[in-house]
Amino acid sequence: MTGADLKPEYDIVIAGGGLVGSSFALLLDRLAQGSDLSVLLLDAASPPADSDDQSADFDARSTALSWGSRLIYEQAGLWPALASDVTAIRDIHVSDKGHFGATRLNSTEMGVEALGYVAENRHLGRVLQQALRDHKRLTVCAPASVEHVQPSSDGVMLTLKGAGRDTVSARLLVLADGGRSGLCRQLGIAVQQKRYGQQALICNVAFANDHHGQAFERFTDTGPLAMLPLADHVVGRERQHRGALVWTLADVTEPKSGPPMYSAERILALPEAEFIEALQQRFGWRLGRITHAGARSLYPLSLNLAREQIRPGIVLLGNVAHTLHPVAGQGLNLALRDARALAELLVEAHRERRHPGAMDVLQAFVAAQSGDQLQTITFSDVTTRLFSNAQPALALGRNLGLLLMDLMPPAKGWFARQAMGMADRHDVRF
Ligand SMILES: Cc1cc2nc3c(=O)[nH]c(=O)nc-3n(C[C@H](O)[C@H](O)[C@H](O)COP(=O)(O)OP(=O)(O)OC[C@H]3O[C@@H](n4cnc5c(N)ncnc54)[C@H](O)[C@@H]3O)c2cc1C
């Protein structure tokens, strides 16, 4: 839509319509049905056209959604559309190359239909965009950006660009403008950054055999690698069984002489045949021969945490609040749990005629989510450090850990709950 129809004030303005901002807007809209809560969503980027990316793309990027995220999308009324094109994760196989420890998490054993789902990002994006277009109560404006935030007596005053009006006031601003948030910098909200000295190499690969819904987490001499099950890629009569690879590699300079270090840059630059050989050697033959590797890209890995998550009239959501290591596949899943908690509290506050930007409302959000955030962030941080380290003592420790986990159902249940995004829920039995 154009910005010409914007009102001068809203109860809630969401700055950023990425996966998190859009999902939050739709969930809030669903929960606030029947109320007069006014919500505006602004995104700096143009929404993808309906005709974009319709053709099957071998290299399509994907996200692992936990079982907990499925429940949240069900609550938002979005799951039927999403479910039309996701791959269920039935098994997760965790192992250490060349060592004895291994464990397998199984959906039947955990009493759920699937441990999680893999969705291509463009499918997720298309479903969210379509739902935003269909929701008549929600005001969506894109491309339009929030340029400046000025605290006011009743919330914040926002200066806009491309929205058809220069300013709009909000009783609550939900900042969902991503990990490189200019608005966070402008507000002087400091970000604590921890670099892992690693990069994630992302690439889709084709295997000779079907994955049958199995995901793999494998710890290798070069760093941990995850292989998620993706839908087959079909072109004409040719069918390729695909997996989505996230391979964590050291961010080091290769020595001028001596054996190679297998740095991220080196693996990225390998010719396809050599890349496949290096990967096959580490991943093994559980899915047969690797027949093709698609386009490769690198993401530097760090943990970024905003030092403040709330201020009067302002709350941070998604990557702007916490950007996690992608290997554990928790970033969006955690943000969706935050989004659900915030939406539920805001709807309740609105029913009770309380100010949405009041500190007691926002503090209730922090209190509700800080335990889950700490646990998820610690889980992804510790597993990254533990499993990226080739030191013999740590290798022994994690192998014993994997072995024990397989022998001790409560430990396995705890690990599964983390992976499934259900750490804070007790409605799933193990
Ligand atoms: C390689 C990789 C793999 C991953 N895999 C997984 C996974 O398997 N599972 C999982 O849970 N998570 C995963 N993640 C994490 C997940 O992708 C992120 O947590 C999620 O995409 C964050 O979304 P966001 O909406 O917070 O930020 P973004 O996607 O960055 O969106 C921010 C939006 O804000 C808009 N914007 C910016 N500035 C302004 C402004 N001033 N005004 C208005 N709009 C603005 C931008 O246009 C953009 O649309 C992965 C991440 C990576 C890098």
# chains A, B, ... in the order shown; residues from 1 in each chain; ligands from 1
call {"tool": "residues_near_ligand", "arguments": {"ligand": "ligand 1", "cutoff": "7 Å", "atoms": "only C-alpha atoms and all ligand atoms", "output": "ChimeraX atom specification"}}
result
/A:15-21,42-45,62-65,144-147,176-179,181-183,200,202,299,317-320,323-324,326-327,329-335
call {"tool": "select_by_dssp", "arguments": {"residues": "segment 107-239 of chain A", "states": "strand (DSSP E)", "output": "MDAnalysis selection string"}}
result
chainID A and resid 116:120 139:141 145:152 155:161 167:175 191:207 214:220 223:229 233:235 238:239
call {"tool": "write_last_selection", "arguments": {"atoms": "C-alpha atoms", "output": "PDB file, in the first residue's frame"}}
result
ATOM      1  CA  GLY A 116      10.609 -29.582  13.504  1.00  0.00           C
ATOM      2  CA  TYR A 117      10.188 -28.484   9.894  1.00  0.00           C
ATOM      3  CA  VAL A 118      12.432 -27.053   7.210  1.00  0.00           C
ATOM      4  CA  ALA A 119      10.866 -24.209   5.244  1.00  0.00           C
ATOM      5  CA  GLU A 120      12.411 -22.409   2.310  1.00  0.00           C
ATOM      6  CA  THR A 139      -1.900  -1.149   8.200  1.00  0.00           C
ATOM      7  CA  VAL A 140       1.177  -2.155   6.194  1.00  0.00           C
ATOM      8  CA  CYS A 141       3.428   0.345   4.488  1.00  0.00           C
ATOM      9  CA  SER A 145      11.405   3.405   6.664  1.00  0.00           C
ATOM     10  CA  VAL A 146      11.571   4.866  10.131  1.00  0.00           C
ATOM     11  CA  GLU A 147      14.348   7.443   9.927  1.00  0.00           C
ATOM     12  CA  HIS A 148      14.318   8.911  13.411  1.00  0.00           C
ATOM     13  CA  VAL A 149      12.843   8.081  16.833  1.00  0.00           C
ATOM     14  CA  GLN A 150      12.074  10.827  19.356  1.00  0.00           C
ATOM     15  CA  PRO A 151      10.737   9.856  22.801  1.00  0.00           C
ATOM     16  CA  SER A 152       7.572  11.807  23.678  1.00  0.00           C
ATOM     17  CA  GLY A 155       5.402   7.119  23.605  1.00  0.00           C
ATOM     18  CA  VAL A 156       7.545   8.057  20.602  1.00  0.00           C
ATOM     19  CA  MET A 157       7.376  10.385  17.605  1.00  0.00           C
ATOM     20  CA  LEU A 158       8.710   8.776  14.421  1.00  0.00           C
ATOM     21  CA  THR A 159      10.107  10.500  11.348  1.00  0.00           C
ATOM     22  CA  LEU A 160       9.302   8.450   8.236  1.00  0.00           C
ATOM     23  CA  LYS A 161      10.601   8.218   4.688  1.00  0.00           C
ATOM     24  CA  THR A 167       5.751  11.807  11.032  1.00  0.00           C
ATOM     25  CA  VAL A 168       3.598   9.427  12.969  1.00  0.00           C
ATOM     26  CA  SER A 169       3.282   8.947  16.711  1.00  0.00           C
ATOM     27  CA  ALA A 170       3.232   5.570  18.447  1.00  0.00           C
ATOM     28  CA  ARG A 171       2.358   4.674  22.024  1.00  0.00           C
ATOM     29  CA  LEU A 172       4.711   1.717  21.570  1.00  0.00           C
ATOM     30  CA  LEU A 173       7.455   1.241  18.979  1.00  0.00           C
ATOM     31  CA  VAL A 174       8.412  -2.397  18.328  1.00  0.00           C
ATOM     32  CA  LEU A 175      11.913  -2.323  16.867  1.00  0.00           C
ATOM     33  CA  VAL A 191      25.242  -4.077  21.618  1.00  0.00           C
ATOM     34  CA  GLN A 192      27.482  -6.642  23.250  1.00  0.00           C
ATOM     35  CA  GLN A 193      29.281  -8.667  20.587  1.00  0.00           C
ATOM     36  CA  LYS A 194      31.121 -11.928  20.919  1.00  0.00           C
ATOM     37  CA  ARG A 195      32.924 -13.158  17.830  1.00  0.00           C
ATOM     38  CA  TYR A 196      33.465 -16.900  17.446  1.00  0.00           C
ATOM     39  CA  GLY A 197      36.308 -16.562  14.903  1.00  0.00           C
ATOM     40  CA  GLN A 198      34.235 -18.779  12.626  1.00  0.00           C
ATOM     41  CA  GLN A 199      32.056 -18.514   9.559  1.00  0.00           C
ATOM     42  CA  ALA A 200      29.073 -20.589   8.520  1.00  0.00           C
ATOM     43  CA  LEU A 201      29.258 -21.960   5.005  1.00  0.00           C
ATOM     44  CA  ILE A 202      25.753 -22.380   3.604  1.00  0.00           C
ATOM     45  CA  CYS A 203      25.052 -24.561   0.597  1.00  0.00           C
ATOM     46  CA  ASN A 204      22.436 -26.990  -0.706  1.00  0.00           C
ATOM     47  CA  VAL A 205      23.713 -30.387  -1.797  1.00  0.00           C
ATOM     48  CA  ALA A 206      22.210 -33.366  -3.637  1.00  0.00           C
ATOM     49  CA  PHE A 207      22.560 -36.972  -2.415  1.00  0.00           C
ATOM     50  CA  GLN A 214      16.517 -37.203   8.860  1.00  0.00           C
ATOM     51  CA  ALA A 215      18.554 -34.194   9.995  1.00  0.00           C
ATOM     52  CA  PHE A 216      22.205 -34.585  10.938  1.00  0.00           C
ATOM     53  CA  GLU A 217      24.419 -32.685  13.340  1.00  0.00           C
ATOM     54  CA  ARG A 218      27.994 -33.885  12.963  1.00  0.00           C
ATOM     55  CA  PHE A 219      31.125 -32.716  14.714  1.00  0.00           C
ATOM     56  CA  THR A 220      34.211 -32.872  12.539  1.00  0.00           C
ATOM     57  CA  GLY A 223      34.015 -27.712  12.876  1.00  0.00           C
ATOM     58  CA  PRO A 224      30.390 -28.827  13.315  1.00  0.00           C
ATOM     59  CA  LEU A 225      28.184 -29.353  10.298  1.00  0.00           C
ATOM     60  CA  ALA A 226      24.423 -29.600  10.127  1.00  0.00           C
ATOM     61  CA  MET A 227      22.502 -31.175   7.254  1.00  0.00           C
ATOM     62  CA  LEU A 228      18.779 -30.457   7.140  1.00  0.00           C
ATOM     63  CA  PRO A 229      16.324 -32.424   4.990  1.00  0.00           C
ATOM     64  CA  HIS A 233      14.426 -30.621  -6.473  1.00  0.00           C
ATOM     65  CA  VAL A 234      12.606 -31.708  -9.611  1.00  0.00           C
ATOM     66  CA  VAL A 235      13.477 -30.490 -13.096  1.00  0.00           C
ATOM     67  CA  GLU A 238      15.190 -35.507 -13.028  1.00  0.00           C
ATOM     68  CA  ARG A 239      14.729 -35.684  -9.255  1.00  0.00           C
TER      69      ARG A 239
END
call {"tool": "select_by_dssp", "arguments": {"residues": "segment 119-173 of chain A", "states": "helix (DSSP H, G or I)", "output": "PyMOL selection string"}}
result
chain A and resi 121-134
call {"tool": "residues_around", "arguments": {"residues": "segment 24-30 of chain A", "least_positions_apart": "3", "cutoff": "7 Å", "atoms": "only C-alpha atoms", "output": "list of chain:residue names"}}
result
A:Val20, A:Gly21, A:Gln33, A:Ala76, A:Leu138, A:Ala339, A:Ala343
call {"tool": "atom_distance", "arguments": {"atom1": "atom CA of His292 of chain A", "atom2": "atom CA of Ile276 of chain A"}}
result
7.5 Å
call {"tool": "atom_distance", "arguments": {"atom1": "atom CA of Arg180 of chain A", "atom2": "atom CA of Ser302 of chain A"}}
result
12.6 Å
call {"tool": "closest_residue", "arguments": {"among": "A:Asn209, A:Asn121, A:Gln130, A:Gln375", "to": "Arg286 of chain A", "atoms": "only C-alpha atoms"}}
result
A:Asn209
call {"tool": "atom_distance", "arguments": {"atom1": "atom CA of Arg137 of chain A", "atom2": "atom CA of Glu348 of chain A"}}
result
18.3 Å
call {"tool": "closest_residue", "arguments": {"among": "A:Ser153, A:Ser95, A:Gln373, A:Thr103", "to": "Leu305 of chain A", "atoms": "only C-alpha atoms"}}
result
A:Gln373
call {"tool": "residues_around", "arguments": {"residues": "Ala250 of chain A", "least_positions_apart": "2", "cutoff": "6 Å", "atoms": "only C-alpha atoms", "output": "VMD selection string"}}
result
chain A and resid 198 252 263 to 264
call {"tool": "decode", "arguments": {"residues": "segment 128-169 of chain A", "atoms": "N, CA and C atoms", "output": "short mmCIF file (atom, residue, chain, number, x, y, z; two decimals), in the first residue's frame"}}
result
data_model
loop_
_atom_site.label_atom_id
_atom_site.label_comp_id
_atom_site.auth_asym_id
_atom_site.auth_seq_id
_atom_site.Cartn_x
_atom_site.Cartn_y
_atom_site.Cartn_z
N LEU A 128 3.76 -15.09 4.55
CA LEU A 128 3.59 -13.92 5.42
C LEU A 128 3.09 -12.72 4.62
N GLN A 129 3.67 -12.51 3.43
CA GLN A 129 3.24 -11.37 2.59
C GLN A 129 1.78 -11.49 2.20
N GLN A 130 1.39 -12.71 1.81
CA GLN A 130 0.00 -12.92 1.40
C GLN A 130 -0.94 -12.64 2.58
N ALA A 131 -0.56 -13.11 3.76
CA ALA A 131 -1.41 -12.89 4.95
C ALA A 131 -1.47 -11.40 5.28
N LEU A 132 -0.35 -10.69 5.12
CA LEU A 132 -0.36 -9.24 5.40
C LEU A 132 -1.29 -8.52 4.42
N ARG A 133 -1.29 -8.98 3.16
CA ARG A 133 -2.17 -8.36 2.16
C ARG A 133 -3.64 -8.62 2.51
N ASP A 134 -3.92 -9.84 3.05
CA ASP A 134 -5.31 -10.22 3.34
C ASP A 134 -5.85 -9.58 4.61
N HIS A 135 -4.95 -9.19 5.53
CA HIS A 135 -5.43 -8.66 6.82
C HIS A 135 -5.82 -7.20 6.67
N LYS A 136 -7.10 -6.95 6.78
CA LYS A 136 -7.59 -5.61 6.48
C LYS A 136 -7.38 -4.63 7.64
N ARG A 137 -7.34 -5.16 8.87
CA ARG A 137 -7.26 -4.25 10.03
C ARG A 137 -5.85 -3.70 10.23
N LEU A 138 -4.88 -4.49 9.78
CA LEU A 138 -3.48 -4.14 9.97
C LEU A 138 -3.06 -3.16 8.88
N THR A 139 -2.38 -2.06 9.24
CA THR A 139 -1.90 -1.15 8.20
C THR A 139 -0.45 -1.49 7.90
N VAL A 140 -0.18 -1.77 6.60
CA VAL A 140 1.18 -2.15 6.19
C VAL A 140 1.67 -1.13 5.18
N CYS A 141 2.89 -0.67 5.38
CA CYS A 141 3.43 0.35 4.49
C CYS A 141 4.86 -0.04 4.09
N ALA A 142 5.06 -0.34 2.81
CA ALA A 142 6.39 -0.73 2.32
C ALA A 142 6.48 -0.45 0.82
N PRO A 143 7.61 0.05 0.34
CA PRO A 143 8.80 0.38 1.11
C PRO A 143 8.65 1.72 1.81
N ALA A 144 8.90 1.73 3.09
CA ALA A 144 8.87 2.97 3.88
C ALA A 144 9.70 2.71 5.14
N SER A 145 10.53 3.67 5.51
CA SER A 145 11.41 3.40 6.66
C SER A 145 11.20 4.41 7.78
N VAL A 146 11.52 3.96 8.99
CA VAL A 146 11.57 4.87 10.13
C VAL A 146 12.97 5.47 10.12
N GLU A 147 13.04 6.78 10.03
CA GLU A 147 14.35 7.44 9.93
C GLU A 147 14.84 7.94 11.27
N HIS A 148 13.91 8.32 12.13
CA HIS A 148 14.32 8.91 13.41
C HIS A 148 13.28 8.62 14.48
N VAL A 149 13.75 8.37 15.70
CA VAL A 149 12.84 8.08 16.83
C VAL A 149 13.07 9.13 17.91
N GLN A 150 11.98 9.80 18.31
CA GLN A 150 12.07 10.83 19.36
C GLN A 150 11.11 10.46 20.50
N PRO A 151 11.65 10.15 21.69
CA PRO A 151 10.74 9.86 22.80
C PRO A 151 9.80 11.04 23.06
N SER A 152 8.54 10.74 23.39
CA SER A 152 7.57 11.81 23.68
C SER A 152 6.84 11.47 24.98
N SER A 153 5.95 12.38 25.41
CA SER A 153 5.28 12.15 26.70
C SER A 153 4.36 10.92 26.64
N ASP A 154 3.84 10.57 25.41
CA ASP A 154 2.90 9.46 25.30
C ASP A 154 3.49 8.25 24.58
N GLY A 155 4.78 8.24 24.33
CA GLY A 155 5.40 7.12 23.60
C GLY A 155 6.59 7.62 22.81
N VAL A 156 6.47 7.56 21.47
CA VAL A 156 7.55 8.06 20.60
C VAL A 156 6.96 8.78 19.40
N MET A 157 7.73 9.72 18.87
CA MET A 157 7.38 10.39 17.61
C MET A 157 8.37 9.87 16.56
N LEU A 158 7.84 9.38 15.43
CA LEU A 158 8.71 8.78 14.42
C LEU A 158 8.75 9.63 13.17
N THR A 159 9.96 9.83 12.63
CA THR A 159 10.11 10.50 11.35
C THR A 159 10.22 9.42 10.29
N LEU A 160 9.38 9.51 9.25
CA LEU A 160 9.30 8.45 8.24
C LEU A 160 9.82 8.91 6.88
N LYS A 161 10.21 7.92 6.07
CA LYS A 161 10.60 8.22 4.69
C LYS A 161 9.85 7.26 3.76
N GLY A 162 9.22 7.82 2.73
CA GLY A 162 8.53 6.99 1.74
C GLY A 162 7.15 6.54 2.17
N ALA A 163 6.63 7.10 3.27
CA ALA A 163 5.34 6.63 3.80
C ALA A 163 4.19 7.55 3.43
N GLY A 164 4.47 8.66 2.76
CA GLY A 164 3.40 9.58 2.37
C GLY A 164 3.09 10.59 3.46
N ARG A 165 3.59 10.38 4.65
CA ARG A 165 3.53 11.42 5.68
C ARG A 165 4.88 11.44 6.41
N ASP A 166 5.25 12.61 6.91
CA ASP A 166 6.60 12.76 7.47
C ASP A 166 6.75 12.20 8.87
N THR A 167 5.66 12.28 9.64
CA THR A 167 5.75 11.81 11.03
C THR A 167 4.52 11.00 11.41
N VAL A 168 4.71 10.17 12.40
CA VAL A 168 3.60 9.43 12.97
C VAL A 168 3.96 9.19 14.45
N SER A 169 2.95 9.21 15.31
CA SER A 169 3.28 8.95 16.71
C SER A 169 2.81 7.54 17.09
#
